[in-house]
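One structure below.
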Amino acid sequence: MATSSLSSLTVAFSSSLSFSTSVSSKPSTLSFPRARIPRAASARRLNLIVAASSSLTTVGAVAGSASVAEGEVEGVSLEKYVKSRLPGGFAAQRIIGTGRRKCAIARVVLQEGTGKFVINYRDAQEYLQGNPLWLQYIKTPLLTLGYESSYDVFVKAHGGGLSGQAQAISLGIARALLKVSENHRVPLRKEGLLTRDSRVVERKKVGLKKARKAPQYSKR
């Protein structure tokens, strides 16, 4: 009797302490109630967002194409302008001068005008990157004779850098002004504008790092 009661108590106690072996594999998460938006309002808002983004894209594309087209038109019109002013090309003109500096060569043509400078079918201000020193180089010969607003200058330059090209253009303009009148020689010569600057970069020598720089001497 005592044994049966003890066994029944053991079974009851074990059943009360037993727990389920099936544990959920999904972690417990917090869920918040989601605000419900009417379908009509959400669709209207989505349509507005899509329309705004498409309009911005269209405006940006139109602006970009307009700027590119404007630049292309300006370049083409300037090239046509130069060709109309110089029939037969640079070699067929009467007032022409060639200037050289370092590795740069510039062919300069002068025509009566208002002081416009065109270098390689581009405006001189743009071509020389607005550098005041380089712009001063190309304007000095005309300023020396007081012709800054009497001639248009058309240049075809190649080789070297912009600094060398600017100085080559200055020499070319000075030489072209001699064909306008031989009386221009004295004031141009006085300013040193007719002197060809023959200085060039000295070549590198064998065994040296540069033209004259030698490697450091080590006694031991």
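Going through the structure tokens in order, the chains are called A, B, and so on, while each chain numbers its residues from 1 and the ligands are numbered from 1 in the order shown.
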**OP:** Excluding segment 180-188 of chain A and residues on its chain fewer than 2 positions from it, collect all residues at most 12 Å away from it, counting only C-alpha atoms, and give them as an MDAnalysis selection string.
**Re:** chainID A and resid 94:97 109:112 140:147 151 170:171 173:178 190:195
Can you write just those residues out, N, CA, C and O atoms, as a compact mmCIF listing (two decimals), in the first residue's frame?
# COMPACT_ATOMS: atom_id res chain seq x y z
N ARG A 94 49.34 87.07 -96.44
CA ARG A 94 50.45 87.98 -96.74
C ARG A 94 51.21 88.38 -95.48
O ARG A 94 52.44 88.37 -95.46
N ILE A 95 50.49 88.73 -94.41
CA ILE A 95 51.14 89.16 -93.17
C ILE A 95 51.22 87.95 -92.25
O ILE A 95 50.28 87.64 -91.51
N ILE A 96 52.33 87.24 -92.30
CA ILE A 96 52.49 86.02 -91.54
C ILE A 96 53.88 86.00 -90.93
O ILE A 96 54.84 86.54 -91.51
N GLY A 97 54.00 85.41 -89.76
CA GLY A 97 55.29 85.29 -89.09
C GLY A 97 55.37 83.99 -88.32
O GLY A 97 54.36 83.50 -87.80
N VAL A 109 49.21 84.82 -88.15
CA VAL A 109 48.68 85.63 -89.25
C VAL A 109 47.99 86.85 -88.65
O VAL A 109 47.19 86.72 -87.71
N LEU A 110 48.31 88.02 -89.19
CA LEU A 110 47.69 89.27 -88.75
C LEU A 110 46.73 89.76 -89.82
O LEU A 110 47.05 89.75 -91.02
N GLN A 111 45.56 90.18 -89.37
CA GLN A 111 44.58 90.81 -90.26
C GLN A 111 43.95 91.97 -89.53
O GLN A 111 43.82 91.95 -88.30
N GLU A 112 43.55 92.98 -90.28
CA GLU A 112 42.94 94.15 -89.67
C GLU A 112 41.63 93.73 -88.99
O GLU A 112 40.81 93.03 -89.55
N THR A 140 52.21 91.70 -75.87
CA THR A 140 53.28 92.71 -75.76
C THR A 140 53.67 93.33 -77.10
O THR A 140 53.82 94.57 -77.18
N PRO A 141 53.86 92.58 -78.19
CA PRO A 141 54.26 93.22 -79.45
C PRO A 141 53.24 94.25 -79.95
O PRO A 141 53.62 95.34 -80.41
N LEU A 142 51.96 93.92 -79.86
CA LEU A 142 50.94 94.86 -80.32
C LEU A 142 50.85 96.07 -79.39
O LEU A 142 50.64 97.20 -79.85
N LEU A 143 50.99 95.83 -78.07
CA LEU A 143 50.94 96.95 -77.13
C LEU A 143 52.14 97.88 -77.33
O LEU A 143 52.01 99.10 -77.14
N THR A 144 53.28 97.35 -77.71
CA THR A 144 54.47 98.17 -77.91
C THR A 144 54.26 99.18 -79.03
O THR A 144 54.71 100.34 -78.94
N LEU A 145 53.54 98.76 -80.08
CA LEU A 145 53.31 99.65 -81.22
C LEU A 145 51.95 100.34 -81.18
O LEU A 145 51.64 101.13 -82.07
N GLY A 146 51.15 100.05 -80.15
CA GLY A 146 49.84 100.67 -80.05
C GLY A 146 48.81 100.09 -80.99
O GLY A 146 47.85 100.77 -81.38
N TYR A 147 48.96 98.81 -81.37
CA TYR A 147 48.05 98.16 -82.30
C TYR A 147 47.15 97.13 -81.60
O TYR A 147 46.65 96.22 -82.22
N TYR A 151 44.45 94.92 -85.00
CA TYR A 151 44.67 93.68 -85.75
C TYR A 151 44.03 92.51 -85.02
O TYR A 151 44.01 92.45 -83.79
N SER A 170 54.56 85.28 -79.41
CA SER A 170 55.06 86.66 -79.29
C SER A 170 56.10 86.96 -80.36
O SER A 170 56.05 88.01 -81.02
N LEU A 171 57.04 86.03 -80.59
CA LEU A 171 58.04 86.24 -81.64
C LEU A 171 57.41 86.24 -83.02
O LEU A 171 57.78 87.04 -83.89
N ILE A 173 54.33 87.19 -83.81
CA ILE A 173 53.62 88.46 -84.00
C ILE A 173 54.60 89.58 -84.32
O ILE A 173 54.36 90.42 -85.21
N ALA A 174 55.73 89.61 -83.61
CA ALA A 174 56.73 90.65 -83.87
C ALA A 174 57.28 90.54 -85.28
O ALA A 174 57.47 91.57 -85.97
N ARG A 175 57.54 89.33 -85.75
CA ARG A 175 58.03 89.15 -87.11
C ARG A 175 56.97 89.50 -88.16
O ARG A 175 57.29 90.00 -89.23
N ALA A 176 55.70 89.21 -87.83
CA ALA A 176 54.64 89.58 -88.77
C ALA A 176 54.48 91.09 -88.85
O ALA A 176 54.17 91.64 -89.92
N LEU A 177 54.69 91.78 -87.73
CA LEU A 177 54.58 93.25 -87.75
C LEU A 177 55.66 93.90 -88.59
O LEU A 177 55.48 95.02 -89.09
N LEU A 178 56.78 93.22 -88.77
CA LEU A 178 57.82 93.76 -89.66
C LEU A 178 57.36 93.78 -91.11
O LEU A 178 57.82 94.62 -91.89
N LYS A 190 64.16 97.27 -79.64
CA LYS A 190 64.48 97.91 -78.37
C LYS A 190 63.87 97.14 -77.20
O LYS A 190 64.47 97.06 -76.11
N GLU A 191 62.71 96.56 -77.39
CA GLU A 191 62.04 95.77 -76.35
C GLU A 191 62.50 94.31 -76.33
O GLU A 191 62.04 93.52 -75.50
N GLY A 192 63.38 93.95 -77.26
CA GLY A 192 63.88 92.58 -77.31
C GLY A 192 62.89 91.58 -77.84
O GLY A 192 63.02 90.37 -77.57
N LEU A 193 61.92 92.02 -78.61
CA LEU A 193 60.87 91.13 -79.10
C LEU A 193 61.24 90.41 -80.38
O LEU A 193 60.53 89.50 -80.80
N LEU A 194 62.35 90.82 -81.02
CA LEU A 194 62.78 90.17 -82.25
C LEU A 194 63.92 89.17 -82.03
O LEU A 194 64.43 88.60 -82.99
N THR A 195 64.32 88.98 -80.80
CA THR A 195 65.41 88.08 -80.48
C THR A 195 64.88 86.67 -80.24
O THR A 195 63.99 86.48 -79.40
**OP:** Tell me, as an MDAnalysis selection string, which residues lie within 12 Å of Gln125 of chain A, counting only C-alpha atoms; anything in the same chain fewer than 6 positions away does not count.
**Re:** chainID A and resid 116:119 131:136 138:139 162 166
Those selected residues, please, written with N, CA and C atoms and delivered as an mmCIF file, in the first residue's frame.
data_model
loop_
_atom_site.group_PDB
_atom_site.id
_atom_site.type_symbol
_atom_site.label_atom_id
_atom_site.label_comp_id
_atom_site.auth_asym_id
_atom_site.auth_seq_id
_atom_site.Cartn_x
_atom_site.Cartn_y
_atom_site.Cartn_z
ATOM 1 N N LYS A 116 41.203 90.616 -81.766
ATOM 2 C CA LYS A 116 40.771 89.277 -81.367
ATOM 3 C C LYS A 116 41.941 88.301 -81.528
ATOM 4 N N PHE A 117 42.123 87.416 -80.540
ATOM 5 C CA PHE A 117 43.170 86.400 -80.573
ATOM 6 C C PHE A 117 42.525 85.027 -80.671
ATOM 7 N N VAL A 118 42.919 84.256 -81.692
ATOM 8 C CA VAL A 118 42.415 82.897 -81.872
ATOM 9 C C VAL A 118 43.622 81.973 -82.020
ATOM 10 N N ILE A 119 43.721 80.986 -81.137
ATOM 11 C CA ILE A 119 44.832 80.039 -81.160
ATOM 12 C C ILE A 119 44.258 78.637 -81.355
ATOM 13 N N ASN A 131 46.005 82.362 -67.970
ATOM 14 C CA ASN A 131 47.251 82.723 -67.288
ATOM 15 C C ASN A 131 47.659 84.142 -67.676
ATOM 16 N N PRO A 132 47.765 85.066 -66.722
ATOM 17 C CA PRO A 132 48.057 86.464 -67.083
ATOM 18 C C PRO A 132 49.435 86.647 -67.704
ATOM 19 N N LEU A 133 50.417 85.851 -67.286
ATOM 20 C CA LEU A 133 51.764 85.998 -67.842
ATOM 21 C C LEU A 133 51.795 85.570 -69.301
ATOM 22 N N TRP A 134 51.173 84.449 -69.617
ATOM 23 C CA TRP A 134 51.146 83.981 -70.998
ATOM 24 C C TRP A 134 50.343 84.917 -71.891
ATOM 25 N N LEU A 135 49.245 85.449 -71.358
ATOM 26 C CA LEU A 135 48.464 86.416 -72.134
ATOM 27 C C LEU A 135 49.256 87.699 -72.361
ATOM 28 N N GLN A 136 50.084 88.075 -71.389
ATOM 29 C CA GLN A 136 50.918 89.263 -71.561
ATOM 30 C C GLN A 136 51.967 89.036 -72.648
ATOM 31 N N ILE A 138 51.720 87.303 -75.418
ATOM 32 C CA ILE A 138 51.187 87.408 -76.780
ATOM 33 C C ILE A 138 50.692 88.821 -77.097
ATOM 34 N N LYS A 139 50.434 89.636 -76.086
ATOM 35 C CA LYS A 139 49.919 90.984 -76.333
ATOM 36 C C LYS A 139 51.019 92.040 -76.357
ATOM 37 N N LEU A 162 52.420 75.250 -72.993
ATOM 38 C CA LEU A 162 51.721 76.507 -73.215
ATOM 39 C C LEU A 162 52.641 77.708 -73.022
ATOM 40 N N ALA A 166 53.329 80.359 -75.956
ATOM 41 C CA ALA A 166 53.024 81.780 -75.780
ATOM 42 C C ALA A 166 54.208 82.644 -76.205
#
Original post:
Which is closer to Leu86 of chain A than all the others in A:Ala104, A:Leu128, A:Val155, A:Ala168, using only C-alpha atoms?
Top reply: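 Closest to Leu86 of chain A, using only C-alpha atoms: A:Val155.
Within segment 172-214 of chain A, DSSP run on the backbone puts these residues in helix (DSSP H, G or I): Gly172, Ile173, Ala174, Arg175, Ala176, Leu177, Leu178, Lys179, Val180, Glu182, Asn183, His184, Arg185, Val186, Pro187, Leu188, Arg189 and Lys190 of chain A.
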How would the residues just picked look written out with N, CA and C atoms as a PDB file, in the first residue's frame?
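Printed below is part_0.pdb as written:
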ATOM      1  N   GLY A 172      56.413  85.360 -83.227  1.00  0.00           N
ATOM      2  CA  GLY A 172      55.732  85.324 -84.527  1.00  0.00           C
ATOM      3  C   GLY A 172      54.980  86.612 -84.816  1.00  0.00           C
ATOM      4  N   ILE A 173      54.329  87.187 -83.805  1.00  0.00           N
ATOM      5  CA  ILE A 173      53.616  88.461 -84.004  1.00  0.00           C
ATOM      6  C   ILE A 173      54.604  89.578 -84.322  1.00  0.00           C
ATOM      7  N   ALA A 174      55.728  89.606 -83.612  1.00  0.00           N
ATOM      8  CA  ALA A 174      56.732  90.650 -83.865  1.00  0.00           C
ATOM      9  C   ALA A 174      57.277  90.543 -85.282  1.00  0.00           C
ATOM     10  N   ARG A 175      57.537  89.325 -85.752  1.00  0.00           N
ATOM     11  CA  ARG A 175      58.035  89.154 -87.114  1.00  0.00           C
ATOM     12  C   ARG A 175      56.974  89.495 -88.155  1.00  0.00           C
ATOM     13  N   ALA A 176      55.703  89.209 -87.831  1.00  0.00           N
ATOM     14  CA  ALA A 176      54.644  89.575 -88.771  1.00  0.00           C
ATOM     15  C   ALA A 176      54.480  91.092 -88.851  1.00  0.00           C
ATOM     16  N   LEU A 177      54.689  91.781 -87.734  1.00  0.00           N
ATOM     17  CA  LEU A 177      54.577  93.246 -87.747  1.00  0.00           C
ATOM     18  C   LEU A 177      55.662  93.898 -88.589  1.00  0.00           C
ATOM     19  N   LEU A 178      56.785  93.216 -88.774  1.00  0.00           N
ATOM     20  CA  LEU A 178      57.821  93.760 -89.658  1.00  0.00           C
ATOM     21  C   LEU A 178      57.365  93.777 -91.110  1.00  0.00           C
ATOM     22  N   LYS A 179      56.469  92.850 -91.475  1.00  0.00           N
ATOM     23  CA  LYS A 179      55.948  92.843 -92.840  1.00  0.00           C
ATOM     24  C   LYS A 179      54.905  93.933 -93.048  1.00  0.00           C
ATOM     25  N   VAL A 180      54.334  94.426 -91.951  1.00  0.00           N
ATOM     26  CA  VAL A 180      53.420  95.560 -92.072  1.00  0.00           C
ATOM     27  C   VAL A 180      54.216  96.808 -92.414  1.00  0.00           C
ATOM     28  N   GLU A 182      58.562  98.290 -92.132  1.00  0.00           N
ATOM     29  CA  GLU A 182      59.932  98.117 -91.664  1.00  0.00           C
ATOM     30  C   GLU A 182      60.269  99.102 -90.552  1.00  0.00           C
ATOM     31  N   ASN A 183      59.471 100.132 -90.394  1.00  0.00           N
ATOM     32  CA  ASN A 183      59.707 101.111 -89.322  1.00  0.00           C
ATOM     33  C   ASN A 183      59.435 100.538 -87.924  1.00  0.00           C
ATOM     34  N   HIS A 184      58.787  99.388 -87.875  1.00  0.00           N
ATOM     35  CA  HIS A 184      58.489  98.768 -86.588  1.00  0.00           C
ATOM     36  C   HIS A 184      59.709  98.053 -85.992  1.00  0.00           C
ATOM     37  N   ARG A 185      60.769  97.927 -86.768  1.00  0.00           N
ATOM     38  CA  ARG A 185      61.915  97.159 -86.305  1.00  0.00           C
ATOM     39  C   ARG A 185      62.583  97.800 -85.085  1.00  0.00           C
ATOM     40  N   VAL A 186      62.757  99.117 -85.097  1.00  0.00           N
ATOM     41  CA  VAL A 186      63.481  99.780 -84.012  1.00  0.00           C
ATOM     42  C   VAL A 186      62.768  99.628 -82.675  1.00  0.00           C
ATOM     43  N   PRO A 187      61.483  99.959 -82.557  1.00  0.00           N
ATOM     44  CA  PRO A 187      60.832  99.787 -81.239  1.00  0.00           C
ATOM     45  C   PRO A 187      60.735  98.327 -80.804  1.00  0.00           C
ATOM     46  N   LEU A 188      60.537  97.414 -81.760  1.00  0.00           N
ATOM     47  CA  LEU A 188      60.463  96.002 -81.389  1.00  0.00           C
ATOM     48  C   LEU A 188      61.833  95.472 -80.951  1.00  0.00           C
ATOM     49  N   ARG A 189      62.879  95.926 -81.647  1.00  0.00           N
ATOM     50  CA  ARG A 189      64.218  95.493 -81.272  1.00  0.00           C
ATOM     51  C   ARG A 189      64.618  96.060 -79.909  1.00  0.00           C
ATOM     52  N   LYS A 190      64.164  97.270 -79.642  1.00  0.00           N
ATOM     53  CA  LYS A 190      64.477  97.910 -78.368  1.00  0.00           C
ATOM     54  C   LYS A 190      63.870  97.139 -77.196  1.00  0.00           C
TER      55      LYS A 190
END
**OP:** Name the closest residue to Ser163 of chain A among the candidates A:Ala91, A:Val108, A:Cys103, A:Val76; distances are taken between atoms, counting only C-alpha atoms.
**Re:**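 Going through A:Ala91, A:Val108, A:Cys103, A:Val76 one by one, the smallest distance to Ser163 of chain A is for A:Cys103.
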Subject >> All strand (DSSP E) positions in segment 111-152 of chain A, as a list in words >> reply: Gln111, Glu112, Phe117, Val118, Ile119, Arg122, Asp123, Tyr151 and Asp152 of chain A
**OP:** Figure out the distance between atom CA of Val82 of chain A and atom CA of Glu126 of chain A, please, to one decimal in Å.
**Re:**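 According to the coordinates, atom CA of Glu126 of chain A and atom CA of Val82 of chain A are separated by 16.2 Å.
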**OP:** Enter the distance from atom CA of Lys213 of chain A to atom CA of Val201 of chain A, in Å, rounded to one decimal.
**Re:** 13.7 Å
